[in-house]
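A.B. asks: Dropping in structure.csv, which is CSV, C-alpha atoms and all ligand atoms:
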```csv
chain,number,residue,atom,x,y,z
C,1,MET,CA,-80.5,13.2,8.3
C,2,THR,CA,-77.7,13.6,5.8
C,3,VAL,CA,-75.0,16.3,6.3
C,4,PRO,CA,-74.3,18.5,3.3
C,5,GLU,CA,-71.2,17.5,1.5
C,6,SER,CA,-69.8,21.0,1.3
C,7,PHE,CA,-69.3,23.5,4.1
C,8,GLN,CA,-71.0,26.2,2.0
C,9,ALA,CA,-74.1,24.0,1.6
C,10,PHE,CA,-74.0,23.3,5.4
C,11,LEU,CA,-73.8,27.0,6.1
C,12,ASN,CA,-76.8,27.6,3.8
C,13,GLU,CA,-78.8,25.3,6.0
C,14,ASN,CA,-77.2,26.4,9.3
C,15,PRO,CA,-76.3,30.1,8.9
C,16,ASP,CA,-74.9,30.4,12.5
C,17,ALA,CA,-72.8,27.2,12.3
C,18,ALA,CA,-69.0,27.2,12.6
C,19,PHE,CA,-66.7,25.1,10.5
C,20,HIS,CA,-66.1,22.7,13.4
C,21,ASP,CA,-69.8,21.9,13.6
C,22,TRP,CA,-69.7,20.7,10.0
C,23,LEU,CA,-66.6,18.5,10.8
C,24,ARG,CA,-68.3,16.9,13.8
C,25,GLU,CA,-71.7,16.3,12.1
C,26,SER,CA,-69.9,14.9,9.0
C,27,ALA,CA,-68.1,12.4,11.3
C,28,GLU,CA,-71.2,10.7,12.6
C,29,PRO,CA,-71.9,8.0,13.6
C,30,PHE,CA,-68.2,7.6,14.6
C,31,TRP,CA,-68.1,10.8,16.6
C,32,THR,CA,-70.8,9.6,19.0
C,33,LYS,CA,-69.5,6.0,19.1
C,34,ALA,CA,-66.0,7.2,20.1
C,35,THR,CA,-67.1,9.8,22.6
C,36,ALA,CA,-69.6,7.6,24.4
C,37,HIS,CA,-67.7,4.4,24.2
C,38,ARG,CA,-68.0,1.5,26.7
C,39,PHE,CA,-64.3,2.1,27.5
C,40,THR,CA,-64.8,5.7,28.8
C,41,GLU,CA,-67.9,4.7,30.7
C,42,GLU,CA,-66.1,1.9,32.5
C,43,LEU,CA,-63.2,4.3,33.2
C,44,ALA,CA,-65.6,6.7,34.9
C,45,GLU,CA,-67.3,4.0,36.8
C,46,GLY,CA,-64.1,2.4,37.9
C,47,THR,CA,-65.1,-0.9,36.4
C,48,LEU,CA,-62.5,-1.0,33.6
C,49,ASP,CA,-60.6,-4.3,33.6
C,50,PRO,CA,-56.9,-3.6,34.4
C,51,GLN,CA,-55.9,-5.9,31.5
C,52,VAL,CA,-58.0,-3.9,29.1
C,53,CYS,CA,-56.6,-0.7,30.4
C,54,ALA,CA,-53.0,-2.0,30.1
C,55,ARG,CA,-53.6,-3.1,26.5
C,56,TYR,CA,-55.0,0.3,25.7
C,57,LEU,CA,-52.2,2.2,27.3
C,58,VAL,CA,-49.4,0.2,25.6
C,59,GLN,CA,-51.0,1.1,22.2
C,60,ASP,CA,-51.7,4.6,23.2
C,61,TYR,CA,-48.1,5.3,24.3
C,62,ALA,CA,-47.1,4.5,20.7
C,63,PHE,CA,-49.8,6.8,19.5
C,64,VAL,CA,-48.6,9.6,21.8
C,65,ASP,CA,-45.1,9.3,20.4
C,66,SER,CA,-46.3,10.2,16.9
C,67,PHE,CA,-48.8,12.6,18.3
C,68,VAL,CA,-45.9,14.6,19.9
C,69,SER,CA,-44.2,14.8,16.5
C,70,LEU,CA,-47.4,16.1,15.0
C,71,LEU,CA,-47.5,18.8,17.6
C,72,GLY,CA,-44.0,19.7,16.5
C,73,TYR,CA,-45.2,20.1,13.0
C,74,ALA,CA,-48.1,22.2,14.3
C,75,VAL,CA,-45.5,24.6,15.9
C,76,ALA,CA,-43.6,24.7,12.6
C,77,TYR,CA,-46.6,25.3,10.4
C,78,ALA,CA,-48.5,27.7,12.6
C,79,PRO,CA,-48.4,31.2,11.0
C,80,ALA,CA,-47.1,33.2,13.9
C,81,MET,CA,-46.3,33.3,17.6
C,82,PRO,CA,-50.0,33.6,18.9
C,83,GLN,CA,-50.7,30.2,17.3
C,84,LYS,CA,-47.3,28.6,18.0
C,85,ARG,CA,-47.5,29.3,21.7
C,86,PRO,CA,-50.6,27.2,22.6
C,87,PHE,CA,-49.2,24.3,20.6
C,88,ALA,CA,-45.8,24.6,22.4
C,89,GLY,CA,-47.6,24.8,25.8
C,90,PHE,CA,-49.6,21.6,25.0
C,91,LEU,CA,-46.5,19.8,23.7
C,92,ALA,CA,-44.7,20.6,27.0
C,93,ALA,CA,-47.7,19.1,29.0
C,94,VAL,CA,-47.9,15.9,26.9
C,95,THR,CA,-44.1,15.3,27.2
C,96,SER,CA,-44.0,15.9,30.9
C,97,GLU,CA,-47.2,15.3,33.0
C,98,GLU,CA,-48.8,12.9,30.5
C,99,ASN,CA,-45.6,11.0,29.9
C,100,ASP,CA,-45.1,10.6,33.6
C,101,TYR,CA,-48.7,9.3,33.9
C,102,PHE,CA,-48.0,6.5,31.4
C,103,LEU,CA,-44.8,5.4,33.1
C,104,ARG,CA,-46.4,5.3,36.6
C,105,SER,CA,-49.4,3.4,35.1
C,106,PHE,CA,-47.3,0.8,33.4
C,107,GLN,CA,-45.5,0.2,36.7
C,108,ALA,CA,-48.8,-0.1,38.7
C,109,LEU,CA,-50.4,-2.3,36.0
C,110,GLY,CA,-47.3,-4.6,35.8
C,111,VAL,CA,-46.6,-3.9,32.2
C,112,PRO,CA,-42.9,-4.9,31.4
C,113,GLU,CA,-40.7,-2.2,30.0
C,114,THR,CA,-40.0,-4.3,26.8
C,115,GLN,CA,-43.7,-4.2,26.1
C,116,TRP,CA,-44.3,-0.4,26.3
C,117,ARG,CA,-40.9,0.5,24.7
C,118,ASP,CA,-41.3,-1.7,21.7
C,119,PRO,CA,-44.9,-2.7,21.4
C,120,GLU,CA,-46.4,-4.9,18.7
C,121,LEU,CA,-48.6,-2.4,17.0
C,122,ALA,CA,-52.3,-3.3,16.5
C,123,PRO,CA,-53.5,-2.7,12.9
C,124,VAL,CA,-55.7,0.2,14.1
C,125,THR,CA,-52.7,1.8,15.9
C,126,ALA,CA,-50.6,1.4,12.7
C,127,GLU,CA,-53.3,3.1,10.7
C,128,LEU,CA,-53.6,5.9,13.2
C,129,LEU,CA,-49.9,6.5,13.2
C,130,SER,CA,-49.9,6.7,9.4
C,131,VAL,CA,-52.6,9.3,9.5
C,132,LEU,CA,-50.6,11.3,12.0
C,133,GLN,CA,-47.4,10.9,10.0
C,134,ASP,CA,-49.0,11.8,6.7
C,135,SER,CA,-50.6,14.9,8.2
C,136,GLY,CA,-47.3,16.0,9.7
C,137,ARG,CA,-45.4,15.6,6.4
C,138,SER,CA,-48.2,17.1,4.3
C,139,GLY,CA,-46.8,20.6,4.8
C,140,SER,CA,-50.5,21.7,5.3
C,141,TYR,CA,-51.5,23.6,8.5
C,142,PRO,CA,-55.2,22.9,7.8
C,143,GLN,CA,-54.5,19.2,7.6
C,144,VAL,CA,-52.6,19.2,10.8
C,145,LEU,CA,-55.4,21.1,12.5
C,146,ALA,CA,-58.1,18.7,11.4
C,147,THR,CA,-56.1,15.7,12.7
C,148,LEU,CA,-55.3,17.3,16.0
C,149,LEU,CA,-58.8,18.5,16.5
C,150,ALA,CA,-60.4,15.1,16.0
C,151,ALA,CA,-58.0,13.6,18.6
C,152,GLU,CA,-58.3,16.3,21.2
C,153,TRP,CA,-61.9,17.4,20.9
C,154,SER,CA,-63.2,13.9,21.1
C,155,TYR,CA,-61.1,13.2,24.3
C,156,LEU,CA,-62.3,16.4,25.9
C,157,THR,CA,-65.9,15.4,25.1
C,158,TRP,CA,-65.7,12.1,26.9
C,159,GLY,CA,-63.5,13.6,29.7
C,160,LEU,CA,-66.2,16.2,30.5
C,161,ALA,CA,-68.9,13.6,30.3
C,162,CYS,CA,-67.2,11.8,33.2
C,163,GLY,CA,-68.4,14.7,35.4
C,164,ASP,CA,-67.2,14.3,39.0
C,165,ARG,CA,-66.7,10.6,38.7
C,166,ARG,CA,-63.1,9.6,39.7
C,167,PRO,CA,-62.3,6.0,40.6
C,168,GLN,CA,-59.8,5.2,43.4
C,169,ALA,CA,-57.2,3.8,41.1
C,170,PHE,CA,-54.9,6.6,39.8
C,171,TRP,CA,-54.5,5.0,36.4
C,172,MET,CA,-58.2,5.5,35.8
C,173,ALA,CA,-58.7,8.8,37.7
C,174,GLU,CA,-55.7,10.6,36.2
C,175,TRP,CA,-56.5,9.6,32.7
C,176,ILE,CA,-59.9,11.3,33.1
C,177,ASP,CA,-58.2,14.3,34.8
C,178,LEU,CA,-55.8,14.8,31.9
C,179,HIS,CA,-58.7,15.1,29.6
C,180,ALA,CA,-61.0,17.2,31.7
C,181,LEU,CA,-58.7,19.8,33.3
C,182,PRO,CA,-59.5,23.5,32.7
C,183,GLU,CA,-56.1,24.0,30.9
C,184,PHE,CA,-56.9,21.1,28.5
C,185,GLU,CA,-60.4,22.5,27.9
C,186,GLU,CA,-58.9,26.0,27.2
C,187,PHE,CA,-56.4,24.5,24.7
C,188,VAL,CA,-59.1,22.5,22.9
C,189,THR,CA,-61.5,25.4,22.7
C,190,TRP,CA,-58.7,27.5,21.2
C,191,LEU,CA,-57.8,24.6,18.7
C,192,ARG,CA,-61.5,24.4,17.7
C,193,ASP,CA,-61.7,28.2,17.0
C,194,GLU,CA,-58.4,28.1,15.2
C,195,THR,CA,-59.5,25.2,13.0
C,196,SER,CA,-62.8,27.0,12.3
C,197,ARG,CA,-61.0,30.2,11.4
C,198,VAL,CA,-58.6,28.4,9.0
C,199,GLY,CA,-61.2,26.0,7.6
C,200,ALA,CA,-63.8,28.7,6.9
C,201,ALA,CA,-61.2,30.6,4.8
C,202,ALA,CA,-59.8,27.6,3.0
C,203,THR,CA,-60.7,26.5,-0.6
C,204,PRO,CA,-63.5,24.0,-1.0
C,205,GLU,CA,-60.8,21.3,-1.9
C,206,VAL,CA,-59.0,21.9,1.4
C,207,GLN,CA,-62.2,21.9,3.3
C,208,GLN,CA,-63.1,18.5,1.8
C,209,GLN,CA,-59.7,17.2,2.7
C,210,MET,CA,-60.1,18.4,6.3
C,211,CYS,CA,-63.5,16.9,6.6
C,212,ARG,CA,-62.3,13.5,5.2
C,213,THR,CA,-59.4,13.4,7.7
C,214,PHE,CA,-61.5,14.4,10.7
C,215,ARG,CA,-64.0,11.6,9.8
C,216,HIS,CA,-61.3,9.0,9.2
C,217,MET,CA,-59.7,9.9,12.6
C,218,MET,CA,-63.0,9.4,14.4
C,219,GLN,CA,-63.6,6.1,12.7
C,220,LEU,CA,-60.1,5.0,14.0
C,221,GLU,CA,-60.7,6.4,17.5
C,222,GLU,CA,-63.7,4.2,17.8
C,223,ARG,CA,-61.8,1.1,16.6
C,224,PHE,CA,-58.9,2.0,18.9
C,225,PHE,CA,-61.1,1.7,22.0
C,226,ASP,CA,-62.7,-1.5,20.5
C,227,HIS,CA,-59.2,-3.1,20.2
C,228,ALA,CA,-58.6,-2.8,23.9
C,229,TYR,CA,-61.4,-5.4,24.4
C,230,ASP,CA,-60.9,-7.5,21.4
C,231,PRO,CA,-57.3,-7.5,20.2
C,232,GLU,CA,-57.9,-10.2,17.6
C,233,ALA,CA,-60.5,-8.1,15.8
C,234,ARG,CA,-59.5,-7.1,12.3
C,235,ARG,CA,-61.7,-4.5,10.6
C,301,LIG,C1,-55.9,7.4,20.3
C,301,LIG,C2,-55.9,8.7,21.0
C,301,LIG,N1,-56.6,9.7,20.6
C,301,LIG,C3,-56.5,10.9,21.3
C,301,LIG,C4,-55.8,11.0,22.4
C,301,LIG,C5,-55.7,12.3,23.2
C,301,LIG,N2,-54.5,12.9,23.2
C,301,LIG,C6,-55.1,9.9,22.8
C,301,LIG,N3,-54.3,9.9,24.0
C,301,LIG,N4,-55.1,8.7,22.2
```
As structure tokens - that is how I would like this structure written.
Ligand SMILES: Cc1ncc(CN)c(N)n1

C.D. replies:
Amino acid sequence: MTVPESFQAFLNENPDAAFHDWLRESAEPFWTKATAHRFTEELAEGTLDPQVCARYLVQDYAFVDSFVSLLGYAVAYAPAMPQKRPFAGFLAAVTSEENDYFLRSFQALGVPETQWRDPELAPVTAELLSVLQDSGRSGSYPQVLATLLAAEWSYLTWGLACGDRRPQAFWMAEWIDLHALPEFEEFVTWLRDETSRVGAAATPEVQQQMCRTFRHMMQLEERFFDHAYDPEARR
């Protein structure tokens, strides 16, 4: 089934749909591949190879650094306090609890400080960082929303799919917790509604740009998980 290229055409076929439904459906097959990846399944089952996890976390710590800057842009571009506040709250959580998780995990997994402080970026990480940086510098609130929503909604989706499964090792269990906690779900639900509110009112050109960015992000999210298993892969 092909997804209509414009949000208006999608709405004509699905009158009750929200803007975020169009984003997600337009991002297939990457949405499904990234939210039901072998990596997150092994994480839930506790069978993830510590080396694979370490490789992933080193790259992800570089991602998170740029992601925090993108959240800073979201605070700046958000139209008023009711929108700035959720971004500021999430920014505080990522720079405290989540940062603390990374540092403890690097220690537990034996990752030397030089490696996580100054990592060699994988091509997919470099591409992700440039999408985050371009979105941040675009001056466009819709563009920042589309980028953030792809990253956070996809992580919430696999986080919730883990259900009650929590492996013994904290570096697996807490990574699931961070993406399945009620506070995280509340933030992502708000972000989805905000993106739909802004996207539905945007011009068709801006809607197209949001859709392209969301899809590109999902393509990179899948490759990012793949890289943890096959660091030599170039695609
Ligand atoms: C690559 C990636 N995408 C999303 C997330 C969720 N913040 C993350 N930690 N890393």

A.B. asks: Pick from C:Leu121, C:Leu109, C:Cys211, C:Ala126: nearest to Val52 of chain C, with only C-alpha atoms counted?

C.D. replies: C:Leu109

A.B. asks: Under the rule that only C-alpha atoms are counted, which of C:Leu57, C:Leu48, C:Val144, C:Ala122 is the nearest residue to Gln107 of chain C?

C.D. replies: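 Closest to Gln107 of chain C of all the choices is C:Leu57.
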
A.B. asks: Within 6 Å of ligand LIG 301 (chain C), counting only C-alpha atoms and all ligand atoms: which residues, as a list of chain:residue names?

C.D. replies: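 Listing the residues within 6 Å of ligand LIG 301 (chain C) gives C:Asp60, C:Ala151, C:Glu152, C:Tyr155, C:Glu221.
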
A.B. asks: Which residue is closest to Gly46 of chain C? Choose from C:Ile176, C:Leu70, C:Met210, C:Ala233 and count only C-alpha atoms.

C.D. replies: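 The closest residue to Gly46 of chain C is C:Ile176.
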
A.B. asks: Considering all atoms listed in the file, can you say which of C:Val94, C:Gln143, C:Gln51, C:Asp118 comes closest to Ala202 of chain C?

C.D. replies: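 Once distances to Ala202 of chain C are computed over all atoms listed in the file, the minimum belongs to C:Gln143.
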
A.B. asks: Between C:Pro142, C:Pro167, C:Pro50, C:Pro231, which is the closest to Thr195 of chain C once you count all atoms listed in the file?

C.D. replies: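 Of C:Pro142, C:Pro167, C:Pro50, C:Pro231, the one nearest Thr195 of chain C, counting all atoms listed in the file, is C:Pro142.
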
A.B. asks: Measure the distance from atom CA of Arg104 of chain C to atom CA of Glu185 of chain C in Å and round it to one decimal.

C.D. replies: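 Interatomic distance, atom CA of Arg104 of chain C to atom CA of Glu185 of chain C: 23.8 Å.
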
A.B. asks: Using Å and a single decimal, report how far atom CA of Pro86 of chain C sits from atom CA of Trp31 of chain C.

C.D. replies: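 According to the coordinates, atom CA of Trp31 of chain C and atom CA of Pro86 of chain C are separated by 24.7 Å.
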
A.B. asks: Name the residues in contact with segment 23-28 of chain C at a cut-off of 7 Å, using only C-alpha atoms, excluding same-chain residues fewer than 5 positions from it; report them as a ChimeraX atom specification.

C.D. replies: /C:3,211,214-215,218

A.B. asks: So which one's closest to Val124 of chain C, C:Glu13, C:Glu222, C:Glu41, C:Asp21? Using all atoms listed in the file, please.

C.D. replies: C:Glu222

A.B. asks: Find the distance between atom CA of Arg38 of chain C and atom CA of Ser130 of chain C and write it in Å to one decimal.

C.D. replies: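 Between these atoms lies a distance of 25.6 Å.
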
A.B. asks: Please list as a compact mmCIF listing (two decimals) with C-alpha atoms, keeping the file's coordinate frame every residue within 12 Å of Thr203 of chain C, counting all atoms listed in the file and excluding residues in the same chain fewer than 3 positions away.

C.D. replies:
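The result, stored in part_38.txt:
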```txt
# COMPACT_ATOMS: atom_id res chain seq x y z
CA SER C 6 -69.80 21.00 1.30
CA PHE C 7 -69.30 23.50 4.10
CA GLN C 8 -71.00 26.20 2.00
CA PRO C 142 -55.20 22.90 7.80
CA VAL C 198 -58.60 28.40 9.00
CA GLY C 199 -61.20 26.00 7.60
CA ALA C 200 -63.80 28.70 6.90
CA VAL C 206 -59.00 21.90 1.40
CA GLN C 207 -62.20 21.90 3.30
CA GLN C 208 -63.10 18.50 1.80
CA GLN C 209 -59.70 17.20 2.70
CA MET C 210 -60.10 18.40 6.30
```

A.B. asks: Mind listing whatever residues come within 12 Å of the point (-56.8, 6.2, 38.9)? Use all atoms listed in the file, file coordinates, and give them as a PDB file with C-alpha atoms, in the frame of the given file.

C.D. replies:
```pdb
ATOM      1  CA  LEU C  43     -63.200   4.300  33.200  1.00  0.00           C
ATOM      2  CA  ALA C  44     -65.600   6.700  34.900  1.00  0.00           C
ATOM      3  CA  GLU C  45     -67.300   4.000  36.800  1.00  0.00           C
ATOM      4  CA  GLY C  46     -64.100   2.400  37.900  1.00  0.00           C
ATOM      5  CA  THR C  47     -65.100  -0.900  36.400  1.00  0.00           C
ATOM      6  CA  LEU C  48     -62.500  -1.000  33.600  1.00  0.00           C
ATOM      7  CA  PRO C  50     -56.900  -3.600  34.400  1.00  0.00           C
ATOM      8  CA  CYS C  53     -56.600  -0.700  30.400  1.00  0.00           C
ATOM      9  CA  TYR C 101     -48.700   9.300  33.900  1.00  0.00           C
ATOM     10  CA  PHE C 102     -48.000   6.500  31.400  1.00  0.00           C
ATOM     11  CA  ARG C 104     -46.400   5.300  36.600  1.00  0.00           C
ATOM     12  CA  SER C 105     -49.400   3.400  35.100  1.00  0.00           C
ATOM     13  CA  ALA C 108     -48.800  -0.100  38.700  1.00  0.00           C
ATOM     14  CA  LEU C 109     -50.400  -2.300  36.000  1.00  0.00           C
ATOM     15  CA  ARG C 165     -66.700  10.600  38.700  1.00  0.00           C
ATOM     16  CA  ARG C 166     -63.100   9.600  39.700  1.00  0.00           C
ATOM     17  CA  PRO C 167     -62.300   6.000  40.600  1.00  0.00           C
ATOM     18  CA  GLN C 168     -59.800   5.200  43.400  1.00  0.00           C
ATOM     19  CA  ALA C 169     -57.200   3.800  41.100  1.00  0.00           C
ATOM     20  CA  PHE C 170     -54.900   6.600  39.800  1.00  0.00           C
ATOM     21  CA  TRP C 171     -54.500   5.000  36.400  1.00  0.00           C
ATOM     22  CA  MET C 172     -58.200   5.500  35.800  1.00  0.00           C
ATOM     23  CA  ALA C 173     -58.700   8.800  37.700  1.00  0.00           C
ATOM     24  CA  GLU C 174     -55.700  10.600  36.200  1.00  0.00           C
ATOM     25  CA  TRP C 175     -56.500   9.600  32.700  1.00  0.00           C
ATOM     26  CA  ILE C 176     -59.900  11.300  33.100  1.00  0.00           C
ATOM     27  CA  ASP C 177     -58.200  14.300  34.800  1.00  0.00           C
ATOM     28  CA  LEU C 178     -55.800  14.800  31.900  1.00  0.00           C
TER      29      LEU C 178
END
```
